[in-house]
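Source file: my_file-v8.cif; contents: mmCIF, C-alpha atoms and all ligand atoms.
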data_entry
#
loop_
_atom_site.label_atom_id
_atom_site.label_comp_id
_atom_site.auth_asym_id
_atom_site.auth_seq_id
_atom_site.Cartn_x
_atom_site.Cartn_y
_atom_site.Cartn_z
CA MET E 1 120.07 59.24 -88.05
CA LYS E 2 119.88 56.83 -85.16
CA ILE E 3 118.30 53.45 -85.74
CA THR E 4 116.56 51.69 -82.88
CA ASP E 5 117.71 48.61 -80.96
CA GLU E 6 114.74 46.76 -82.52
CA GLN E 7 116.03 47.59 -86.01
CA VAL E 8 119.51 46.35 -85.08
CA GLU E 9 117.99 43.12 -83.74
CA GLU E 10 115.88 42.72 -86.88
CA PHE E 11 118.98 43.18 -89.06
CA ASP E 12 120.98 40.65 -87.02
CA GLU E 13 118.12 38.15 -87.16
CA ARG E 14 116.71 38.57 -90.67
CA GLY E 15 119.70 40.06 -92.48
CA TYR E 16 118.03 43.25 -93.62
CA ILE E 17 115.87 46.19 -92.63
CA LEU E 18 113.87 48.54 -94.84
CA ILE E 19 113.54 52.21 -93.92
CA ARG E 20 110.70 53.75 -95.90
CA ASP E 21 110.96 57.21 -97.44
CA LEU E 22 114.46 57.84 -96.08
CA LEU E 23 115.01 60.18 -99.02
CA SER E 24 112.53 62.83 -100.08
CA GLN E 25 110.84 63.08 -103.45
CA THR E 26 113.08 66.05 -104.39
CA GLU E 27 116.24 64.16 -103.44
CA ILE E 28 115.11 61.19 -105.52
CA GLU E 29 114.43 63.45 -108.50
CA ILE E 30 117.99 64.82 -108.22
CA ILE E 31 119.38 61.28 -108.29
CA GLN E 32 117.05 60.24 -111.13
CA SER E 33 118.19 63.18 -113.24
CA ALA E 34 121.82 61.96 -113.00
CA ILE E 35 121.06 58.54 -114.52
CA PRO E 36 121.17 59.32 -118.29
CA GLU E 37 124.66 60.85 -118.04
CA ILE E 38 125.92 57.87 -116.02
CA LEU E 39 124.56 55.31 -118.48
CA ALA E 40 125.98 57.25 -121.45
CA ARG E 41 129.55 56.61 -120.25
CA SER E 42 131.63 54.38 -122.46
CA GLY E 43 134.18 52.97 -119.99
CA PRO E 44 134.48 49.40 -118.66
CA GLU E 45 132.62 50.49 -115.51
CA ILE E 46 129.39 50.24 -117.52
CA VAL E 47 128.38 46.58 -117.93
CA ARG E 48 125.87 45.85 -120.71
CA GLU E 49 123.17 43.17 -120.94
CA SER E 50 124.75 40.21 -122.76
CA ASP E 51 121.75 39.75 -125.07
CA ASN E 52 121.22 43.47 -125.62
CA PRO E 53 124.41 45.56 -125.72
CA ASP E 54 122.40 48.78 -126.08
CA THR E 55 121.11 48.34 -122.53
CA ALA E 56 123.29 48.97 -119.48
CA ARG E 57 122.89 46.18 -116.91
CA LEU E 58 124.83 48.04 -114.26
CA ALA E 59 127.09 51.02 -113.78
CA PHE E 60 129.91 50.55 -111.30
CA GLY E 61 131.27 53.43 -109.21
CA PRO E 62 128.75 56.26 -109.74
CA HIS E 63 129.84 57.88 -106.46
CA TYR E 64 133.25 58.61 -108.09
CA TYR E 65 131.97 60.51 -111.11
CA SER E 66 128.42 61.70 -110.38
CA GLU E 67 127.96 64.49 -107.82
CA PRO E 68 124.50 63.39 -106.57
CA PHE E 69 125.89 59.90 -105.86
CA ALA E 70 129.05 61.33 -104.23
CA ARG E 71 126.79 63.22 -101.83
CA LEU E 72 124.35 60.34 -101.37
CA VAL E 73 127.02 58.00 -99.94
CA GLN E 74 127.98 60.59 -97.32
CA LEU E 75 124.55 61.55 -96.01
CA PRO E 76 124.26 60.96 -92.25
CA ARG E 77 120.93 59.18 -92.88
CA ILE E 78 122.83 56.58 -94.91
CA ILE E 79 126.16 56.30 -93.08
CA GLU E 80 125.04 56.36 -89.46
CA PRO E 81 122.79 53.27 -89.65
CA VAL E 82 125.61 51.41 -91.43
CA ARG E 83 128.11 52.33 -88.72
CA THR E 84 125.66 51.14 -86.06
CA LEU E 85 124.91 47.86 -87.85
CA LEU E 86 128.58 47.10 -88.54
CA ARG E 87 129.73 48.47 -85.18
CA ASP E 88 132.67 50.18 -86.91
CA GLU E 89 133.76 53.08 -89.08
CA VAL E 90 133.02 52.41 -92.75
CA TYR E 91 134.20 53.11 -96.30
CA ILE E 92 132.68 52.31 -99.70
CA HIS E 93 134.06 49.07 -101.12
CA GLN E 94 132.01 49.40 -104.32
CA SER E 95 128.93 51.21 -105.60
CA ARG E 96 126.64 50.11 -108.40
CA LEU E 97 123.60 51.49 -110.16
CA ASN E 98 121.26 48.83 -111.57
CA PRO E 99 118.86 50.69 -113.88
CA LYS E 100 116.63 47.66 -114.62
CA PRO E 101 114.63 49.21 -117.48
CA GLY E 102 111.18 47.83 -118.35
CA PHE E 103 109.72 45.87 -121.28
CA GLY E 104 111.87 42.86 -120.38
CA THR E 105 115.17 44.56 -121.23
CA GLY E 106 116.35 44.77 -117.62
CA GLY E 107 117.54 41.21 -117.05
CA GLY E 108 117.09 39.02 -113.96
CA TRP E 109 119.69 38.08 -111.34
CA GLU E 110 120.08 34.47 -110.31
CA TRP E 111 120.16 33.63 -106.62
CA HIS E 112 123.45 34.62 -105.04
CA GLN E 113 125.25 36.22 -102.12
CA ASP E 114 127.32 39.36 -102.77
CA PHE E 115 130.16 38.43 -100.41
CA PRO E 116 131.85 35.55 -102.37
CA PRO E 117 133.56 37.66 -105.09
CA TRP E 118 134.56 40.28 -102.55
CA HIS E 119 136.09 37.53 -100.39
CA THR E 120 137.66 35.30 -103.04
CA ILE E 121 138.81 37.97 -105.51
CA ASP E 122 139.14 41.19 -103.51
CA GLY E 123 140.40 39.53 -100.32
CA MET E 124 137.73 40.92 -98.00
CA PRO E 125 138.42 38.97 -94.79
CA GLU E 126 134.97 38.85 -93.14
CA PRO E 127 131.35 39.39 -94.26
CA ARG E 128 131.20 42.76 -92.48
CA CYS E 129 129.84 44.62 -95.46
CA ILE E 130 126.34 45.99 -96.09
CA MET E 131 124.58 46.60 -99.41
CA VAL E 132 122.69 49.82 -98.88
CA SER E 133 119.96 49.54 -101.50
CA VAL E 134 118.54 52.94 -102.40
CA PHE E 135 115.23 52.69 -104.28
CA ILE E 136 115.52 55.26 -107.06
CA ASP E 137 112.19 54.19 -108.53
CA ASP E 138 109.20 52.54 -106.87
CA CYS E 139 109.93 48.87 -106.19
CA THR E 140 106.58 47.13 -106.47
CA PRO E 141 105.55 43.47 -106.87
CA VAL E 142 105.35 44.01 -110.64
CA THR E 143 108.66 45.81 -111.30
CA SER E 144 110.85 42.82 -110.42
CA PRO E 145 111.78 43.78 -106.86
CA LEU E 146 114.75 42.39 -105.02
CA LEU E 147 113.81 38.98 -103.57
CA ALA E 148 115.55 37.91 -100.39
CA ILE E 149 115.67 34.88 -98.10
CA PRO E 150 115.38 36.20 -94.54
CA GLY E 151 117.98 34.80 -92.14
CA SER E 152 120.07 33.24 -94.93
CA GLN E 153 123.13 35.30 -93.86
CA LYS E 154 123.40 33.08 -90.79
CA HIS E 155 124.59 30.20 -92.97
CA GLY E 156 127.78 32.12 -93.76
CA LEU E 157 129.55 31.67 -97.06
CA LEU E 158 127.58 29.12 -99.08
CA ASP E 159 128.85 26.78 -101.70
CA SER E 160 128.33 28.61 -104.97
CA LYS E 161 129.39 28.41 -108.58
CA LEU E 162 131.03 31.18 -110.59
CA HIS E 163 128.74 32.05 -113.48
CA GLU E 164 130.79 31.96 -116.70
CA ASP E 165 128.79 34.71 -118.37
CA ALA E 166 129.17 36.99 -115.36
CA LYS E 167 132.90 36.29 -115.29
CA GLY E 168 133.31 37.40 -118.91
CA ARG E 169 131.59 40.69 -118.21
CA GLY E 170 133.74 41.60 -115.26
CA TYR E 171 131.10 40.95 -112.66
CA ALA E 172 131.89 37.82 -110.74
CA LEU E 173 128.52 36.51 -109.67
CA HIS E 174 128.36 33.23 -107.74
CA HIS E 175 125.14 31.29 -108.12
CA ILE E 176 123.50 29.15 -105.47
CA GLY E 177 122.56 25.64 -106.64
CA GLN E 178 118.94 24.46 -106.77
CA GLU E 179 119.22 22.03 -103.86
CA GLU E 180 120.76 24.63 -101.57
CA LEU E 181 118.22 27.24 -102.65
CA SER E 182 115.30 24.89 -101.94
CA LYS E 183 116.64 24.17 -98.44
CA LEU E 184 117.17 27.85 -97.64
CA ALA E 185 113.81 28.95 -99.06
CA ASP E 186 111.91 26.18 -97.23
CA GLU E 187 113.55 27.33 -94.02
CA GLY E 188 113.38 31.13 -94.33
CA GLY E 189 110.78 31.77 -97.04
CA ILE E 190 111.28 34.32 -99.83
CA GLU E 191 110.29 37.95 -99.42
CA PRO E 192 110.11 40.76 -101.97
CA ILE E 193 111.67 43.99 -100.67
CA ILE E 194 109.09 46.52 -101.71
CA GLY E 195 108.81 50.26 -101.14
CA ASN E 196 108.40 53.66 -102.76
CA ALA E 197 111.24 55.49 -104.41
CA GLY E 198 113.24 56.99 -101.55
CA SER E 199 113.02 53.89 -99.37
CA VAL E 200 116.34 52.27 -98.44
CA ALA E 201 117.08 48.65 -97.53
CA PHE E 202 120.20 47.83 -95.49
CA VAL E 203 121.13 44.27 -96.49
CA HIS E 204 123.85 42.00 -95.02
CA CYS E 205 126.27 40.90 -97.77
CA ASN E 206 125.59 37.19 -97.11
CA VAL E 207 121.81 37.41 -97.56
CA VAL E 208 120.82 35.18 -100.50
CA HIS E 209 118.95 37.31 -103.02
CA GLY E 210 117.95 37.48 -106.68
CA SER E 211 115.36 39.02 -109.00
CA ALA E 212 113.38 38.32 -112.16
CA ASN E 213 113.65 40.34 -115.35
CA ASN E 214 111.52 43.45 -115.48
CA VAL E 215 108.65 42.81 -117.86
CA SER E 216 106.65 45.83 -116.65
CA PRO E 217 106.78 49.04 -118.72
CA TRP E 218 108.42 50.90 -115.81
CA ARG E 219 112.09 51.29 -114.94
CA ARG E 220 113.09 49.96 -111.51
CA ALA E 221 116.46 51.46 -110.67
CA ILE E 222 118.26 50.66 -107.41
CA ALA E 223 121.65 52.03 -106.30
CA TYR E 224 123.68 49.54 -104.28
CA LEU E 225 126.15 51.31 -102.01
CA ASN E 226 128.36 48.59 -100.57
CA PHE E 227 129.91 49.73 -97.31
CA ASN E 228 132.68 47.75 -95.63
CA ALA E 229 133.99 48.07 -92.07
CA THR E 230 137.35 49.92 -92.13
CA SER E 231 138.92 47.16 -89.99
CA ASN E 232 137.91 44.66 -92.72
CA GLY E 233 139.83 46.20 -95.65
CA CYS E 234 140.54 44.04 -98.72
CA THR E 235 143.96 42.53 -99.31
CA SER E 236 144.00 42.07 -103.11
CA ASP E 237 144.26 44.71 -105.83
CA GLU E 238 143.37 42.44 -108.76
CA ARG E 239 140.17 44.28 -109.69
CA PRO E 240 139.98 47.91 -110.80
CA TRP E 241 138.95 51.02 -108.83
CA TYR E 242 135.32 50.73 -109.77
CA GLN E 243 135.01 47.22 -108.31
CA ASN E 244 137.45 47.23 -105.40
CA ASN E 245 138.13 50.60 -103.80
CA ARG E 246 141.53 50.51 -102.10
CA ASP E 247 141.06 53.63 -99.99
CA PHE E 248 139.95 52.48 -96.54
CA THR E 249 139.80 55.97 -95.03
CA PRO E 250 136.68 56.20 -92.82
CA LEU E 251 133.95 58.10 -94.67
CA LYS E 252 132.94 61.35 -93.05
CA SER E 253 129.32 62.44 -93.06
CA ILE E 254 128.40 65.70 -94.73
CA SER E 255 125.34 67.86 -94.17
CA ASP E 256 122.06 66.00 -94.37
CA ASN E 257 120.93 68.72 -96.81
CA ALA E 258 123.85 68.20 -99.16
CA LEU E 259 121.84 66.36 -101.81
CA LEU E 260 118.97 68.81 -101.59
CA ASP E 261 121.42 71.70 -102.01
CA LEU E 262 122.00 70.50 -105.59
CA ALA E 263 118.43 71.59 -106.40
CA ASN E 264 119.50 75.16 -105.73
CA VAL E 265 122.72 75.37 -107.76
O1 LIG E 301 118.83 44.83 -108.82
C1 LIG E 301 118.49 43.64 -108.89
O2 LIG E 301 117.43 43.28 -109.41
C2 LIG E 301 119.36 42.58 -108.31
C3 LIG E 301 120.78 43.00 -108.24
C4 LIG E 301 121.66 42.11 -107.46
O3 LIG E 301 121.25 41.09 -106.99
C5 LIG E 301 123.05 42.51 -107.28
O4 LIG E 301 123.48 43.51 -107.89
O5 LIG E 301 123.75 41.83 -106.51
#
What do you get writing this file as structure tokens?
Ligand SMILES: O=C(O)CCC(=O)C(=O)O
Amino acid sequence: MKITDEQVEEFDERGYILIRDLLSQTEIEIIQSAIPEILARSGPEIVRESDNPDTARLAFGPHYYSEPFARLVQLPRIIEPVRTLLRDEVYIHQSRLNPKPGFGTGGGWEWHQDFPPWHTIDGMPEPRCIMVSVFIDDCTPVTSPLLAIPGSQKHGLLDSKLHEDAKGRGYALHHIGQEELSKLADEGGIEPIIGNAGSVAFVHCNVVHGSANNVSPWRRAIAYLNFNATSNGCTSDERPWYQNNRDFTPLKSISDNALLDLANV
């Protein structure tokens, strides 16, 4: 799928673009049906909520072990816009499924950029990585959507603090301080990224973002497919396969029907 010059400009300026209904209802149902099996895994790739160990906060690496996710990351509709935006061939640095269940059990995410742990721990040289955020459920104002500060990626790597709790659970999240956040939000505003299930946001890895906990009764799952430019491969192998993929082979697209084909097997 070819994105327009206006979409490229919007991404460069604001740090993200949203493409509505990029995946069909049937494709989304195929992905949704894979979630219970993913969350039932017992390995370290499943990170649990610290105050509620029965609830998975995120599942790393679903594209390695779940066929619908393996196909999702290779759909031309997903890969081609990323190649255009990064002006390079791409590979998956890391994938994550955030299930964000309702009734307050799906916890919030403090304001952060995604690039700092990839840079400081994984040795990713430049912020040439995109979080492709696939809306697996409807993301509405009431289901704790992703909140983003438009244009914040232009500030580069911000001063941030490693969150001790996140460190203990294997997910190195760097939080932005209050003063910095106020400055950025006064300058760029804060926008919720909202859309139906099947919509996809392409987000620069230095965009400052966060979310509240999900107090609605509805699940709000998003899959984050983090694509890196192949010329920007990581230099460290400290973190495991599910956090820092060491295979920089350019991803090849498969048929755009590949996900849909799973409905017929
Ligand atoms: O899914 C969310 O609510 C936020 C997740 C997030 O910020 C992240 O995984 O970096």
Give me, as a PyMOL selection string, the set of residues whose atoms come within 6 Å of any atom of ligand LIG 301 (chain E), counting all atoms listed in the file. chain E and resi 98+109+114+146+209-211
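Rounded to one decimal, atom CA of E:Val90 and atom CA of E:Leu158 lie 24.7 Å from each other.
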Taking 6 positions as the minimum chain separation for residues in the same chain, which residues sit within 7 Å of E:Tyr16 when counting all atoms listed in the file? Answer as a short mmCIF file (atom, residue, chain, number, x, y, z; two decimals) with C-alpha atoms, in the coordinates of the input.
data_model
loop_
_atom_site.label_atom_id
_atom_site.label_comp_id
_atom_site.auth_asym_id
_atom_site.auth_seq_id
_atom_site.Cartn_x
_atom_site.Cartn_y
_atom_site.Cartn_z
CA ALA E 201 117.08 48.65 -97.53
CA PHE E 202 120.20 47.83 -95.49
CA VAL E 203 121.13 44.27 -96.49
CA HIS E 204 123.85 42.00 -95.02
#
What residues have an atom no more than 9 Å from (113.5, 61.0, -102.2) in the file's own frame, counting all atoms listed in the file, and can you write them as a count of residues only? 17
In Å, with one decimal, what is the gap from atom CA of E:Thr249 to atom CA of E:Tyr91? 6.4 Å
Using all atoms listed in the file and a cutoff of 12 Å, can you tell me which residues are near (126.0, 71.0, -99.3) in the file's coordinates, and write them out as a PyMOL selection string? chain E and resi 67-68+70-72+74-75+253-265
Neighbouring residues of E:Lys154 were defined as those with any atom within 12 Å, considering all atoms listed in the file; residues of the same chain fewer than 4 positions away were excluded. Please report them as a PDB file with C-alpha atoms, in the frame of the given file.
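As written to disk, result_17.pdb reads:
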ATOM      1  CA  PHE E  11     118.980  43.180 -89.060  1.00  0.00           C
ATOM      2  CA  ASP E  12     120.980  40.650 -87.020  1.00  0.00           C
ATOM      3  CA  GLU E  13     118.120  38.150 -87.160  1.00  0.00           C
ATOM      4  CA  ARG E  14     116.710  38.570 -90.670  1.00  0.00           C
ATOM      5  CA  GLY E  15     119.700  40.060 -92.480  1.00  0.00           C
ATOM      6  CA  TYR E  16     118.030  43.250 -93.620  1.00  0.00           C
ATOM      7  CA  GLN E 113     125.250  36.220-102.120  1.00  0.00           C
ATOM      8  CA  PRO E 127     131.350  39.390 -94.260  1.00  0.00           C
ATOM      9  CA  ILE E 149     115.670  34.880 -98.100  1.00  0.00           C
ATOM     10  CA  PRO E 150     115.380  36.200 -94.540  1.00  0.00           C
ATOM     11  CA  LEU E 158     127.580  29.120 -99.080  1.00  0.00           C
ATOM     12  CA  LEU E 184     117.170  27.850 -97.640  1.00  0.00           C
ATOM     13  CA  GLU E 187     113.550  27.330 -94.020  1.00  0.00           C
ATOM     14  CA  GLY E 188     113.380  31.130 -94.330  1.00  0.00           C
ATOM     15  CA  HIS E 204     123.850  42.000 -95.020  1.00  0.00           C
ATOM     16  CA  CYS E 205     126.270  40.900 -97.770  1.00  0.00           C
ATOM     17  CA  ASN E 206     125.590  37.190 -97.110  1.00  0.00           C
ATOM     18  CA  VAL E 207     121.810  37.410 -97.560  1.00  0.00           C
ATOM     19  CA  VAL E 208     120.820  35.180-100.500  1.00  0.00           C
TER      20      VAL E 208
END
Taking into account all atoms listed in the file, which residue in the set E:Ser160, E:Thr105, E:Ser33, E:Gln94 is nearest to E:Pro53?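 Of all the options, E:Thr105 lies closest to E:Pro53.
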Please, what distance in Å, to one decimal, runs between atom CA of E:Leu18 and atom CA of E:Asn245? 25.9 Å
Do you have, as a tab-separated table, the list of residues of stretch 211-241 of chain E lying at most 12 Å from stretch 57-62 of chain E, each with its nearest atom pair and that distance in Å to one decimal, counting all atoms listed in the file and ordered by chain then number?
residue	atom	partner	partner_atom	distance
E:Asn213	CA	E:Arg57	CA	11.0
E:Asn214	CA	E:Arg57	CA	11.8
E:Arg220	CA	E:Arg57	CA	11.8
E:Ala221	CA	E:Leu58	CA	9.7
E:Ile222	CA	E:Leu58	CA	9.8
E:Ala223	CA	E:Pro62	CA	9.0
E:Tyr224	CA	E:Phe60	CA	9.4
E:Leu225	CA	E:Gly61	CA	9.1
E:Asn226	CA	E:Gly61	CA	10.3
E:Pro240	CA	E:Phe60	CA	10.4
E:Trp241	CA	E:Gly61	CA	8.1
Nearest to E:Pro116 by atom-to-atom distance, counting only C-alpha atoms, from E:Lys100, E:His175, E:Arg87, E:Arg20: E:His175
Find the residues around E:Thr235 up to 7 Å (all atoms listed in the file counted), leave out those fewer than 4 positions away in its own chain, and share them as a list in words. Asp122, Gly123 and Met124 of chain E
So which residues touch E:Ala212 within 10 Å, counting all atoms listed in the file, skipping near sequence neighbours fewer than 2 positions away, as a VMD selection string? chain E and resid 104 106 to 111 142 to 147 210 214 to 215
Only C-alpha atoms, please: the residues just picked out, written as a tab-separated table (two decimals), in the frame of the given file.
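Output contents, as saved in result_16.tsv:
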chain	number	residue	atom	x	y	z
E	104	GLY	CA	111.87	42.86	-120.38
E	106	GLY	CA	116.35	44.77	-117.62
E	107	GLY	CA	117.54	41.21	-117.05
E	108	GLY	CA	117.09	39.02	-113.96
E	109	TRP	CA	119.69	38.08	-111.34
E	110	GLU	CA	120.08	34.47	-110.31
E	111	TRP	CA	120.16	33.63	-106.62
E	142	VAL	CA	105.35	44.01	-110.64
E	143	THR	CA	108.66	45.81	-111.30
E	144	SER	CA	110.85	42.82	-110.42
E	145	PRO	CA	111.78	43.78	-106.86
E	146	LEU	CA	114.75	42.39	-105.02
E	147	LEU	CA	113.81	38.98	-103.57
E	210	GLY	CA	117.95	37.48	-106.68
E	214	ASN	CA	111.52	43.45	-115.48
E	215	VAL	CA	108.65	42.81	-117.86
E:Thr140, E:Gln178, E:Thr4, E:Thr230: which is nearest E:Pro192, counting only C-alpha atoms? E:Thr140
Nearest to E:Glu238 among E:Ile46, E:Ile121, E:Ile79, E:Val8, with distances taken over only C-alpha atoms: which residue is it? E:Ile121
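Nearest-residue note for E:Pro141: choosing from E:Ile38, E:Ala56, E:Ile194, E:Ile176, the minimum distance belongs to E:Ile194, counting all atoms listed in the file.
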Distance criterion (only C-alpha atoms): nearest to E:Arg219 out of E:Glu49, E:Asp137, E:Ile3, E:Arg83: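 Closest residue, counting only C-alpha atoms: E:Asp137.
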